[in-house]
file protein-v4.pdb (PDB, C-alpha atoms)
MODEL        1
ATOM      1  CA  MET A   1       7.617 -14.174   2.523
ATOM      2  CA  THR A   2       7.138 -16.098  -0.655
ATOM      3  CA  GLU A   3       8.394 -15.612  -4.136
ATOM      4  CA  GLN A   4       6.220 -16.794  -6.969
ATOM      5  CA  PRO A   5       7.144 -17.531 -10.585
ATOM      6  CA  ASP A   6       5.447 -15.629 -13.408
ATOM      7  CA  ASN A   7       3.003 -18.416 -14.272
ATOM      8  CA  ALA A   8       2.024 -19.319 -10.694
ATOM      9  CA  GLN A   9      -1.404 -18.722  -9.229
ATOM     10  CA  PRO A  10      -1.428 -16.701  -5.976
ATOM     11  CA  GLY A  11      -0.812 -18.976  -3.002
ATOM     12  CA  THR A  12       0.921 -21.711  -5.028
ATOM     13  CA  GLU A  13       4.584 -22.225  -5.695
ATOM     14  CA  PRO A  14       6.109 -25.157  -7.533
ATOM     15  CA  PRO A  15       8.808 -26.757  -5.387
ATOM     16  CA  GLY A  16      12.392 -26.218  -6.413
ATOM     17  CA  THR A  17      11.827 -23.265  -8.743
ATOM     18  CA  GLY A  18      14.646 -20.777  -8.759
ATOM     19  CA  SER A  19      13.211 -18.345 -11.303
ATOM     20  CA  LEU A  20      12.679 -14.691 -10.549
ATOM     21  CA  GLY A  21       9.362 -14.118  -8.827
ATOM     22  CA  ARG A  22       6.511 -12.067 -10.187
ATOM     23  CA  ILE A  23       5.466 -11.042  -6.692
ATOM     24  CA  GLU A  24       6.789 -11.197  -3.166
ATOM     25  CA  THR A  25       4.407 -11.283  -0.219
ATOM     26  CA  MET A  26       4.715 -10.714   3.513
ATOM     27  CA  ALA A  27       2.008 -11.106   6.134
ATOM     28  CA  LEU A  28       1.542  -7.958   8.206
ATOM     29  CA  GLY A  29      -0.582  -7.728  11.324
ATOM     30  CA  ILE A  30      -2.375  -4.382  11.363
ATOM     31  CA  VAL A  31      -2.536  -2.715  14.782
ATOM     32  CA  VAL A  32      -5.452  -0.287  15.005
ATOM     33  CA  GLU A  33      -6.070   2.286  17.711
ATOM     34  CA  ARG A  34      -9.643   2.916  18.825
ATOM     35  CA  ARG A  35      -9.965   6.200  20.700
ATOM     36  CA  ARG A  36     -12.934   8.055  22.151
ATOM     37  CA  GLY A  37     -14.270  10.567  19.641
ATOM     38  CA  VAL A  38     -13.741  14.257  20.258
ATOM     39  CA  THR A  39     -16.779  15.413  18.279
ATOM     40  CA  ALA A  40     -20.517  15.035  18.734
ATOM     41  CA  TRP A  41     -20.702  13.149  15.416
ATOM     42  CA  ALA A  42     -18.504  10.173  16.282
ATOM     43  CA  ASP A  43     -18.319   8.170  19.494
ATOM     44  CA  TRP A  44     -15.046   6.512  18.432
ATOM     45  CA  SER A  45     -12.228   7.091  15.962
ATOM     46  CA  TRP A  46     -10.035   4.390  14.406
ATOM     47  CA  ARG A  47      -6.588   4.691  12.901
ATOM     48  CA  PRO A  48      -3.755   2.271  12.181
ATOM     49  CA  VAL A  49      -0.729   2.825  14.393
ATOM     50  CA  SER A  50       1.722   0.053  13.442
ATOM     51  CA  VAL A  51       2.215  -3.296  11.731
ATOM     52  CA  ILE A  52       3.545  -6.635  12.976
ATOM     53  CA  PRO A  53       5.794  -8.233  10.305
ATOM     54  CA  GLY A  54       5.176 -11.942   9.788
ATOM     55  CA  ALA A  55       2.047 -12.010  11.973
ATOM     56  CA  GLY A  56      -0.191 -15.037  11.809
ATOM     57  CA  PRO A  57      -3.949 -14.989  11.372
ATOM     58  CA  VAL A  58      -5.847 -13.231  14.134
ATOM     59  CA  ASP A  59      -8.863 -14.961  15.654
ATOM     60  CA  PRO A  60     -10.977 -13.221  16.726
ATOM     61  CA  PRO A  61     -10.266 -10.000  14.807
ATOM     62  CA  GLY A  62      -9.693  -7.110  17.151
ATOM     63  CA  THR A  63      -7.640  -8.945  19.775
ATOM     64  CA  VAL A  64      -6.653  -6.271  22.309
ATOM     65  CA  LEU A  65      -2.887  -5.787  22.653
ATOM     66  CA  MET A  66      -2.796  -2.698  24.919
ATOM     67  CA  GLN A  67      -5.310  -0.351  26.442
ATOM     68  CA  GLY A  68      -5.506   2.822  28.455
ATOM     69  CA  ASP A  69      -7.985   5.465  29.495
ATOM     70  CA  GLY A  70     -10.221   5.985  26.460
ATOM     71  CA  TRP A  71      -8.132   4.017  23.945
ATOM     72  CA  THR A  72      -7.222   0.472  22.884
ATOM     73  CA  HIS A  73      -4.672  -0.947  20.470
ATOM     74  CA  SER A  74      -5.829  -4.157  18.823
ATOM     75  CA  HIS A  75      -4.590  -6.612  16.224
ATOM     76  CA  ALA A  76      -7.434  -5.891  13.814
ATOM     77  CA  ALA A  77      -6.401  -8.090  10.875
ATOM     78  CA  THR A  78      -3.503  -9.803   9.155
ATOM     79  CA  LEU A  79      -3.127  -8.718   5.536
ATOM     80  CA  ALA A  80      -0.714  -9.726   2.789
ATOM     81  CA  MET A  81       1.536  -6.961   1.522
ATOM     82  CA  GLU A  82       2.326  -7.811  -2.098
ATOM     83  CA  LEU A  83       5.281  -6.479  -4.065
ATOM     84  CA  PHE A  84       4.996  -6.419  -7.861
ATOM     85  CA  ARG A  85       7.821  -6.062 -10.367
ATOM     86  CA  THR A  86       5.799  -3.489 -12.281
ATOM     87  CA  ASP A  87       5.636  -1.101  -9.300
ATOM     88  CA  THR A  88       9.288  -0.883  -8.285
ATOM     89  CA  GLU A  89       9.295   2.851  -9.037
ATOM     90  CA  GLY A  90       6.615   3.359  -6.353
ATOM     91  CA  TYR A  91       8.683   1.351  -3.847
ATOM     92  CA  ARG A  92      11.830   3.338  -4.705
ATOM     93  CA  LEU A  93       9.979   6.602  -4.159
ATOM     94  CA  ASN A  94       8.768   5.379  -0.760
ATOM     95  CA  LEU A  95      12.242   4.174   0.295
ATOM     96  CA  SER A  96      13.659   7.621  -0.551
ATOM     97  CA  GLN A  97      11.389   9.222   2.081
ATOM     98  CA  ASP A  98      12.487   9.679   5.679
ATOM     99  CA  PRO A  99      11.067   7.501   7.142
ATOM    100  CA  PRO A 100       9.604   5.010   4.635
ATOM    101  CA  ARG A 101       5.910   4.339   5.268
ATOM    102  CA  LEU A 102       3.243   1.713   4.678
ATOM    103  CA  TRP A 103      -0.218   2.775   3.531
ATOM    104  CA  VAL A 104      -3.072   1.042   5.372
ATOM    105  CA  VAL A 105      -6.476   1.222   3.696
ATOM    106  CA  MET A 106      -9.522   0.930   5.952
ATOM    107  CA  ARG A 107     -13.215   0.578   5.114
ATOM    108  CA  PRO A 108     -16.363   0.567   7.249
ATOM    109  CA  GLY A 109     -17.026  -2.794   8.907
ATOM    110  CA  PRO A 110     -20.275  -4.763   8.885
ATOM    111  CA  ASP A 111     -21.755  -2.642  11.682
ATOM    112  CA  GLY A 112     -20.982   0.563   9.761
ATOM    113  CA  GLU A 113     -19.335   2.147  12.796
ATOM    114  CA  GLU A 114     -15.842   0.719  13.036
ATOM    115  CA  LEU A 115     -13.185   0.847  10.338
ATOM    116  CA  VAL A 116     -11.650  -2.459   9.245
ATOM    117  CA  PRO A 117      -8.243  -2.826   7.539
ATOM    118  CA  PHE A 118      -8.746  -3.768   3.884
ATOM    119  CA  ALA A 119      -5.296  -3.477   2.234
ATOM    120  CA  VAL A 120      -1.690  -2.567   2.992
ATOM    121  CA  THR A 121       0.928  -1.427   0.476
ATOM    122  CA  ALA A 122       4.514  -0.188   0.317
ATOM    123  CA  SER A 123       3.937   1.580  -3.019
ATOM    124  CA  ALA A 124       3.633   5.347  -2.907
ATOM    125  CA  HIS A 125       1.682   5.189  -6.180
ATOM    126  CA  GLU A 126      -0.814   2.592  -4.974
ATOM    127  CA  GLY A 127      -1.248   4.372  -1.630
ATOM    128  CA  GLU A 128      -2.058   7.599  -3.452
ATOM    129  CA  GLY A 129      -4.532   5.764  -5.688
ATOM    130  CA  TYR A 130      -6.522   4.529  -2.691
ATOM    131  CA  GLN A 131      -6.905   8.111  -1.443
ATOM    132  CA  ILE A 132      -9.367   8.798  -4.252
ATOM    133  CA  GLY A 133     -12.749   7.647  -3.045
ATOM    134  CA  SER A 134     -14.341   6.860   0.282
ATOM    135  CA  ASP A 135     -11.575   4.672   1.729
ATOM    136  CA  VAL A 136      -9.685   5.881   4.796
ATOM    137  CA  VAL A 137      -5.959   5.767   4.055
ATOM    138  CA  GLU A 138      -3.374   6.307   6.789
ATOM    139  CA  THR A 139       0.359   5.721   6.875
ATOM    140  CA  VAL A 140       2.400   3.937   9.525
ATOM    141  CA  PRO A 141       6.193   3.708   9.845
ATOM    142  CA  MET A 142       7.721   0.842   7.862
ATOM    143  CA  PRO A 143       9.535  -1.604  10.195
ATOM    144  CA  ALA A 144      13.175  -2.501   9.476
ATOM    145  CA  GLU A 145      12.270  -6.063   8.323
ATOM    146  CA  VAL A 146       9.859  -4.670   5.734
ATOM    147  CA  ILE A 147      12.364  -2.018   4.591
ATOM    148  CA  ALA A 148      14.936  -4.778   4.001
ATOM    149  CA  LEU A 149      12.451  -6.880   2.001
ATOM    150  CA  VAL A 150      11.304  -3.954  -0.157
ATOM    151  CA  ARG A 151      14.863  -2.727  -0.742
ATOM    152  CA  ASP A 152      16.031  -6.227  -1.793
ATOM    153  CA  PHE A 153      13.008  -6.613  -4.071
ATOM    154  CA  VAL A 154      13.687  -3.256  -5.760
ATOM    155  CA  GLU A 155      17.390  -4.053  -6.212
ATOM    156  CA  GLN A 156      16.504  -7.388  -7.797
ATOM    157  CA  HIS A 157      13.647  -6.286 -10.065
ATOM    158  CA  HIS A 158      13.868  -2.552 -10.851
ATOM    159  CA  VAL A 159      14.577  -1.562 -14.441
ATOM    160  CA  ASP A 160      14.985   2.128 -15.302
ATOM    161  CA  VAL A 161      12.686   3.105 -18.138
ATOM    162  CA  PRO A 162      13.948   6.161 -20.019
ATOM    163  CA  PHE A 163      11.449   8.941 -20.584
ATOM    164  CA  HIS A 164      10.570   9.527 -24.221
ATOM    165  CA  LYS A 165       8.595  12.615 -25.047
ATOM    166  CA  ARG A 166       5.898  11.833 -27.551
ATOM    167  CA  GLU A 167       5.502  14.036 -30.562
ATOM    168  CA  ARG A 168       1.984  15.361 -30.851
ATOM    169  CA  LYS A 169       0.061  14.648 -34.000
ATOM    170  CA  ARG A 170      -1.254  17.756 -35.662
ATOM    171  CA  HIS A 171      -4.942  17.887 -36.445
ATOM    172  CA  PHE A 172      -4.524  20.663 -38.981
ATOM    173  CA  GLU A 173      -1.901  21.389 -41.579
ATOM    174  CA  LYS A 174       0.472  24.306 -41.048
ATOM    175  CA  GLU A 175      -1.013  26.251 -43.994
ATOM    176  CA  GLY A 176      -2.134  29.327 -42.166
ATOM    177  CA  PRO A 177      -4.639  30.594 -39.676
ATOM    178  CA  ARG A 178      -7.964  28.798 -39.402
ATOM    179  CA  ARG A 179     -11.149  30.662 -40.131
TER     180      ARG A 179
ENDMDL
END
call {"tool": "encode", "arguments": {"input": "protein-v4.pdb", "output": "structure tokens"}}
result
Amino acid sequence: MTEQPDNAQPGTEPPGTGSLGRIETMALGIVVERRRGVTAWADWSWRPVSVIPGAGPVDPPGTVLMQGDGWTHSHAATLAMELFRTDTEGYRLNLSQDPPRLWVVMRPGPDGEELVPFAVTASAHEGEGYQIGSDVVETVPMPAEVIALVRDFVEQHHVDVPFHKRERKRHFEKEGPRR
């Protein structure tokens, strides 16, 4: 977990800064299940099943963690979950759900057969945005360590923005009916 000041480049942090961070990050290992396909069109199916908070890099990708008859669970990738001040409403919405979830976005790998984790987010808004298009988006339960981080981040950075209804501009004067 790192907190970065507003003017910092990703991955850098000046020592001794105590300013509020623009983003907070946490490394999450993505555990993917590969299961024999049940249709004639796919030999295998892939889906994320859990995350490992604070996981280190995985080498080689796809390290098998558990296996059984017709399935394997592997540490497919380690991705950075980023929290942004501008998306605290999406995190609040997620935390209000029972249980809170993480959205894991997967895309076809180099061989075109397997699905590879591409992104992970705690924002309900961002997760919904990824569902438009060809990406495969699945949710997994949010672990307690991640819930605590997201909740603390929201408490520190969320600002309620009041809703203001805009007044529509009229294109025509209110003189009478148009012909």
call {"tool": "resolve_selection", "arguments": {"input": "protein-v4.pdb", "expression": "the PyMOL selection byres ((chain A and resi 156) around 12)", "output": "list in words"}}
result
Ser19, Leu20, Gly21, Arg22, Ile23, Glu24, Leu83, Phe84, Arg85, Thr88, Leu149, Val150, Arg151, Asp152, Phe153, Val154, Glu155, His157, His158 and Val159 of chain A
call {"tool": "closest_residue", "arguments": {"input": "protein-v4.pdb", "among": "A:Pro100, A:Gly29, A:Pro162, A:Pro143", "to": "Val120 of chain A", "atoms": "all atoms listed in the file"}}
result
A:Gly29
call {"tool": "closest_residue", "arguments": {"input": "protein-v4.pdb", "among": "A:Ser123, A:Ser50, A:Thr39, A:Thr139", "to": "Leu95 of chain A", "atoms": "only C-alpha atoms"}}
result
A:Ser123
call {"tool": "resolve_selection", "arguments": {"input": "protein-v4.pdb", "expression": "the PyMOL selection byres ((chain A and resi 70) around 10)", "output": "ChimeraX atom specification"}}
result
/A:34-37,44,67-69,71-72
call {"tool": "atom_distance", "arguments": {"input": "protein-v4.pdb", "atom1": "atom CA of Gly62 of chain A", "atom2": "atom CA of Tyr91 of chain A"}}
result
29.2 Å
call {"tool": "closest_residue", "arguments": {"input": "protein-v4.pdb", "among": "A:Ala42, A:Ala55, A:Val49, A:Leu115", "to": "Leu28 of chain A", "atoms": "all atoms listed in the file"}}
result
A:Ala55
call {"tool": "closest_residue", "arguments": {"input": "protein-v4.pdb", "among": "A:Ala80, A:Ala40, A:Ile147, A:Val32", "to": "Met66 of chain A", "atoms": "only C-alpha atoms"}}
result
A:Val32
call {"tool": "atom_distance", "arguments": {"input": "protein-v4.pdb", "atom1": "atom CA of Ala122 of chain A", "atom2": "atom CA of Pro48 of chain A"}}
result
14.7 Å
call {"tool": "decode", "arguments": {"input": "protein-v4.pdb", "residues": "segment 51-70 of chain A", "atoms": "N, CA, C and O atoms", "output": "short mmCIF file (atom, residue, chain, number, x, y, z; two decimals), in the first residue's frame"}}
result
data_model
loop_
_atom_site.label_atom_id
_atom_site.label_comp_id
_atom_site.auth_asym_id
_atom_site.auth_seq_id
_atom_site.Cartn_x
_atom_site.Cartn_y
_atom_site.Cartn_z
N VAL A 51 -8.74 -13.24 -4.53
CA VAL A 51 -7.53 -12.42 -4.62
C VAL A 51 -6.68 -12.66 -3.39
O VAL A 51 -7.17 -13.08 -2.34
N ILE A 52 -5.37 -12.40 -3.54
CA ILE A 52 -4.42 -12.54 -2.43
C ILE A 52 -3.89 -11.14 -2.13
O ILE A 52 -3.09 -10.61 -2.90
N PRO A 53 -4.36 -10.50 -1.03
CA PRO A 53 -3.88 -9.14 -0.72
C PRO A 53 -2.38 -9.12 -0.45
O PRO A 53 -1.85 -9.99 0.23
N GLY A 54 -1.71 -8.12 -1.02
CA GLY A 54 -0.28 -7.94 -0.78
C GLY A 54 0.61 -8.95 -1.48
O GLY A 54 1.78 -9.08 -1.12
N ALA A 55 0.10 -9.67 -2.46
CA ALA A 55 0.89 -10.69 -3.15
C ALA A 55 2.04 -10.06 -3.92
O ALA A 55 1.92 -8.95 -4.43
N GLY A 56 3.13 -10.79 -3.99
CA GLY A 56 4.27 -10.34 -4.78
C GLY A 56 4.10 -10.75 -6.22
O GLY A 56 3.12 -11.40 -6.59
N PRO A 57 5.08 -10.38 -7.05
CA PRO A 57 5.01 -10.77 -8.46
C PRO A 57 5.01 -12.29 -8.59
O PRO A 57 5.59 -12.99 -7.77
N VAL A 58 4.33 -12.77 -9.61
CA VAL A 58 4.26 -14.21 -9.84
C VAL A 58 5.11 -14.55 -11.06
O VAL A 58 5.00 -13.92 -12.09
N ASP A 59 6.02 -15.52 -10.88
CA ASP A 59 6.88 -15.93 -11.98
C ASP A 59 7.07 -17.43 -11.91
O ASP A 59 7.64 -17.92 -10.93
N PRO A 60 6.59 -18.20 -12.79
CA PRO A 60 5.89 -17.81 -14.01
C PRO A 60 4.41 -17.57 -13.73
O PRO A 60 3.86 -18.11 -12.77
N PRO A 61 3.75 -16.75 -14.59
CA PRO A 61 2.31 -16.57 -14.42
C PRO A 61 1.59 -17.91 -14.54
O PRO A 61 1.98 -18.76 -15.34
N GLY A 62 0.58 -18.08 -13.74
CA GLY A 62 -0.18 -19.33 -13.78
C GLY A 62 0.34 -20.39 -12.83
O GLY A 62 0.06 -21.57 -13.01
N THR A 63 1.07 -19.99 -11.79
CA THR A 63 1.57 -20.94 -10.81
C THR A 63 0.39 -21.64 -10.14
O THR A 63 -0.48 -21.00 -9.57
N VAL A 64 0.36 -22.96 -10.21
CA VAL A 64 -0.76 -23.74 -9.68
C VAL A 64 -0.73 -23.71 -8.15
O VAL A 64 0.28 -24.00 -7.52
N LEU A 65 -1.88 -23.37 -7.56
CA LEU A 65 -2.03 -23.34 -6.10
C LEU A 65 -2.77 -24.57 -5.60
O LEU A 65 -2.42 -25.12 -4.55
N MET A 66 -3.82 -24.98 -6.32
CA MET A 66 -4.61 -26.17 -5.97
C MET A 66 -5.11 -26.78 -7.26
O MET A 66 -5.26 -26.08 -8.26
N GLN A 67 -5.41 -28.08 -7.20
CA GLN A 67 -6.00 -28.71 -8.36
C GLN A 67 -6.85 -29.89 -7.95
O GLN A 67 -6.68 -30.44 -6.86
N GLY A 68 -7.76 -30.25 -8.82
CA GLY A 68 -8.64 -31.39 -8.58
C GLY A 68 -8.99 -32.01 -9.92
O GLY A 68 -8.37 -31.71 -10.94
N ASP A 69 -10.01 -32.84 -9.91
CA ASP A 69 -10.41 -33.53 -11.13
C ASP A 69 -11.08 -32.55 -12.09
O ASP A 69 -12.21 -32.13 -11.88
N GLY A 70 -10.37 -32.15 -13.12
CA GLY A 70 -10.93 -31.27 -14.15
C GLY A 70 -10.83 -29.79 -13.85
O GLY A 70 -11.40 -28.98 -14.57
#
